[in-house]
Structure formats: structure tokens, C-alpha cells
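First the structure, in the form of C-alpha cells, and then the observations on it.
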Amino acid sequence: MTMKKLKYIICDLDGTLLNEERRISRRQADYLCDLYKRKDIRFGFASGRAVTSLIPIAEEAGILEICDVMVANNGVDILDVKSGRKTETLMVSVEDIYTILELMKPFEWINVTFHNPNGLFGLYETPRIRQILEINHFDSLHSPYTEHFVPTPRVTLIFDPGRIDEVRRVVAGLKLPPWIQGVQSDKDIYDLARSGVSKAEGIRRYVSAFGDSMEEVLVFGDGENDLDMMRAAGVSVAMKNGSEEVRERADYVTERTNQEDGIMHFLKTAEDWF
């Protein structure tokens with residue numbers, strides 16, 4: 001494959017850079033720090049998670065100092081870590097949130113949630129919700145029916161992972177506003193966000209500020225919400241444990257899974273790209 005010299009490494013988190021314990025392994029973190037010091041690159045995350053959970057992940061792994069950008073909420077929020085400047089793109093309006101809540105009322109097994117500056121809003125608390133509260137450092141779940149809220153980056157549907165096909169059918173049958181799009185971001189999460197929002201667009205906005213293009217970006221991903229950035233990037237790499245569609249669309253597939261430090265082992269074979 002012929003390509004420009006790569007300047008950026010952007011990684012999805014869950015199922016990609018994070019292992020099954022939802023952490024970055026020590027070996028992988030040490031390697032990334034070493035690579036960053038040796039190569040003229042910028043490094044960052046592109047995740048469906050909120051910024052409030054991304055910074056602690058980087059801090060815990062000891063890689064915050066090498067993080068240049070965090071593209072959060074599937075591209076809605078772009079944090080330039082070095083400058084501290086945060087950019088927000090299209091948000092889901094309060095009116096659209098109420099519309100989604102109303103349309104989802106018949107489907108009580110789907111928990112409708114969304115982030116706000118004050119915390120996490122949702123219909124009911126579950127072990128998965130408690131996990132999300134913990135990783136985002138929120139104290140409690142807020143009710144969208146009794147508490148004030150403002151526009152949100154995305155409305156998240158949470159469900160038993162075995163029911164994803166049902167969720168897709170439900171969403172397809174809803175009369176959602178035409179400017180709302182859906183994408184699966186985890187095995188038990190389906191996001192509803194404004195059309196035009198994507199990880200690819202978030203990354204593009206960041207690199208263009210430095211006069212660079214997507215051709216100079218290497219991305220790693222494993223799921224449906226990574227497809228847009230994989231199509232747009234100069235080089236796309238799917239995780240061995242990624243979905244069949246992602247593996248088919250990617251330029252390369254890692255020989256090892258996220259549990260086996262697949263990103264580290266792949267980058268060791270590709271260092272001359274940078």
C-alpha cells in the first residue's frame with residue numbers, strides 16, 4: 001500500500017485499546033509512550049464514551065502526557081488535550097430527547113439514557129448503569145421526567161446484548177426526526193445522535209487544524225461506530241476480535257485480539273510508516 005508518511009494514531013477504546021477488564025495493559029501503555037517519544041506523531045482516542053470517562057482511562061494507564069486528542073461521544077466532542085480546548089459539534093436538542101423518550105415508552109426493556117453536564121440521566125438503574133456512573137465519576141442517576149436537562153451529544157439505548165437485532169428493528173420502526181441517526185457503539189449500547197456526527201468528522205476537524213489530512217491518519221477499531229473513520233483514514237486496522245463487517249472493510253487486521261495487546265504487536269511491524 002502506498003501512502004503518505006503517517007502522523008496520527010487514533011484508537012477506539014472498548015474492544016480495541018482496552019482489554020476485557022476495560023483497561024490499557026501496562027505493556028501496551030509503555031510501548032505507546034516509547035513510540036511517541038521516538039516518532040513525530042500525534043496520538044489519541046476516538047470513542048463513543050464521554051470525555052469524563054476518557055481522561056481517567058489515560059491517567060490510570062500513565063499515557064495522558066502522550067494523548068493529543070480525545071474524540072468523544074462518537075465525534076460530538078473534540079478535546080485538544082494539550083491546549084485544553086474542547087469543541088462541540090451538533091447536539092441532540094431537548095425537544096428531540098423528549099420525542100425519543102415518548103417513542104421508546106412501549107419498550108420498557110430498553111433503558112433510555114443520556115449525558116448532561118450535571119451527570120447521567122436514565123429511566124432506571126441497573127448494574128450496567130452503575131458501571132457507567134462509576135467510569136464517568138457520577139454519583140447517581142438523574143430522572144429525565146423530574147429533573148432539568150439540556151441538549152446532549154447522544155441518546156443511548158442500553159439493553160441485554162442478546163437483543164441487539166430487536167433493538168435495530170425497534171429503531172427502524174420508530175418515526176424519529178430525519179436528522180437523527182443510529183449506530184451501535186458497544187454490544188449492549190445503541191446511540192442516537194445528530195446526522196453528520198461521526199468519529200471521522202471529529203478526527204478530520206482536529207487534523208485539519210494542523211494543515212493535515214485524513215490520509216495521514218492510522219485508525220484502529222472493532223465495531224460499527226468505527227466504520228466511518230476506517231473508511232476516511234489513510235490506513236485502517238481492525239482488531240482480530242472485531243466484527244466481521246469491520247474486518248472486511250479494514251485495510252489490515254491485527255494478528256492478536258484486544259486482550260492480547262493487538263495494537264502494540266501491529267504497530268511494532270509498522271513503525272517505518274511514521
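By convention here, the chains of the C-alpha cells are called A, B, ... in the order presented, each chain's residues are numbered starting at 1, and ligands are numbered starting at 1 in the order presented.
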
For Gln181 in chain A: contacts at 8 Å, only C-alpha atoms, fewer than 4 positions along chain excluded, given as an mmCIF file with C-alpha atoms, in the first residue's frame:
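Resulting contents of part20.cif:
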data_model
loop_
_atom_site.group_PDB
_atom_site.id
_atom_site.type_symbol
_atom_site.label_atom_id
_atom_site.label_comp_id
_atom_site.auth_asym_id
_atom_site.auth_seq_id
_atom_site.Cartn_x
_atom_site.Cartn_y
_atom_site.Cartn_z
ATOM 1 C CA LEU A 192 -28.941 8.074 18.612
ATOM 2 C CA ALA A 193 -27.197 11.279 17.532
ATOM 3 C CA ARG A 194 -27.498 14.097 15.028
ATOM 4 C CA SER A 195 -26.855 13.212 11.392
#

Kindly assemble as CSV a list of the range 96-122 of chain A residues that lie within 9 Å of range 135-156 of chain A, each paired with its nearest atom pair and their distance in Å to one decimal, using only C-alpha atoms, sorted first by chain and then by ascending residue number.
residue,atom,partner,partner_atom,distance
A:Asp96,CA,A:Pro151,CA,8.8
A:Ile97,CA,A:Val155,CA,7.2
A:Tyr98,CA,A:Pro144,CA,8.6
A:Ile100,CA,A:Val155,CA,8.3
A:Leu101,CA,A:Pro144,CA,8.7
A:Asn111,CA,A:Thr156,CA,8.1
A:Val112,CA,A:Thr156,CA,5.9
A:Thr113,CA,A:Thr156,CA,5.1
A:Phe114,CA,A:Val155,CA,4.8
A:His115,CA,A:Thr152,CA,6.1
A:Asn116,CA,A:Thr152,CA,6.0
A:Pro117,CA,A:Val150,CA,8.2
A:Asn118,CA,A:Phe149,CA,8.1
A:Gly119,CA,A:Phe138,CA,5.9
A:Leu120,CA,A:Leu141,CA,5.5
A:Phe121,CA,A:His142,CA,4.5
A:Gly122,CA,A:Ser143,CA,5.8

Write a file of the just-selected residues containing C-alpha atoms, as a PDB file, in the first residue's frame.
ATOM      1  CA  ASP A  96     -35.658  15.602  20.306  1.00  0.00           C
ATOM      2  CA  ILE A  97     -34.783  13.955  23.625  1.00  0.00           C
ATOM      3  CA  TYR A  98     -38.424  14.209  24.717  1.00  0.00           C
ATOM      4  CA  ILE A 100     -37.208   9.790  21.757  1.00  0.00           C
ATOM      5  CA  LEU A 101     -38.382   9.216  25.339  1.00  0.00           C
ATOM      6  CA  ASN A 111     -33.150   1.858  29.067  1.00  0.00           C
ATOM      7  CA  VAL A 112     -33.011   5.343  27.525  1.00  0.00           C
ATOM      8  CA  THR A 113     -30.046   7.319  28.887  1.00  0.00           C
ATOM      9  CA  PHE A 114     -28.016  10.430  28.065  1.00  0.00           C
ATOM     10  CA  HIS A 115     -25.172  12.502  29.471  1.00  0.00           C
ATOM     11  CA  ASN A 116     -25.558  16.071  30.683  1.00  0.00           C
ATOM     12  CA  PRO A 117     -23.151  18.418  32.447  1.00  0.00           C
ATOM     13  CA  ASN A 118     -24.866  17.526  35.722  1.00  0.00           C
ATOM     14  CA  GLY A 119     -24.484  13.778  35.242  1.00  0.00           C
ATOM     15  CA  LEU A 120     -26.171  10.764  33.706  1.00  0.00           C
ATOM     16  CA  PHE A 121     -29.912  10.719  33.006  1.00  0.00           C
ATOM     17  CA  GLY A 122     -31.808   7.454  32.580  1.00  0.00           C
TER      18      GLY A 122
END

- Quick one: everything within 9 Å of Ala200 in chain A, counting only C-alpha atoms, minus sequence neighbours fewer than 5 positions away in the same chain. Send it as a ChimeraX atom specification. /A:46,74-75,205,214,226-233

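When only C-alpha atoms are used to measure the gap to Val197 in chain A, the shortest distance among A:Ala172, A:Val76, A:Ile158, A:Val183 belongs to A:Val76.
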
- Item | Neighbour list for Glu255 in chain A as a count of residues only, cut-off 8 Å, only C-alpha atoms, skip fewer than 3 positions in-chain | 5

- So how many Å separate CA of Ile132 in chain A and CA of Glu60 in chain A, to one decimal?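 Those two atoms sit 16.7 Å apart.
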
- Message: One number please: CA of Glu20 in chain A to CA of Glu65 in chain A, in Å, one decimal.
- Response: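 One can read the CA of Glu20 in chain A to CA of Glu65 in chain A distance as 23.9 Å.
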
- Query: Could you write out, as a ChimeraX atom specification, all the residues of range 35-231 of chain A that DSSP marks as strand (DSSP E or B)?
  - Reply: /A:42-46,67-72,77-80,85-88,92,111-116,119-122,141-142,152,155-158,180-186,189-194,217-221

- Message: Need the shell around Lys175 in chain A: protein/DNA/RNA residues with any atom at most 12 Å away, counting only C-alpha atoms. Skip same-chain ones fewer than 4 positions apart. Format as a list in words?
- Response: Asp96, Thr99, Ile100, Glu102, Leu103, Met104, Val170, Val171, Trp179, Ile180 and Gln181 of chain A

- Can you check which residues of range 77-269 of chain A DSSP gives as helix (DSSP H, G or I) on the backbone and send them as a ChimeraX atom specification? /A:94-104,127-135,161-173,199-208,214-216,224-232,244-249,258-260,262-268

- CA of Asp212 in chain A to CA of Ser185 in chain A, straight-line distance in Å: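 Going from CA of Ser185 in chain A over to CA of Asp212 in chain A covers 27.3 Å.
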
- Fewer than 6 positions away in the same chain doesn't count, so skip those; otherwise give me all residues within 10 Å of Cys67 in chain A, counting only C-alpha atoms, as a ChimeraX atom specification. /A:10,33,36,42-45,55,58-59,80-82

- So, counting only C-alpha atoms, which residue among A:Glu125, A:Ser47, A:Thr16, A:Tyr8 is closest to Thr254 in chain A?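 Answer, going by the shortest atom-to-atom distance: A:Thr16.
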
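The residue that comes closest to Ala238 in chain A, out of A:Leu6, A:Ile164, A:Leu90, A:Cys11 and on the basis of only C-alpha atoms, is A:Cys11.
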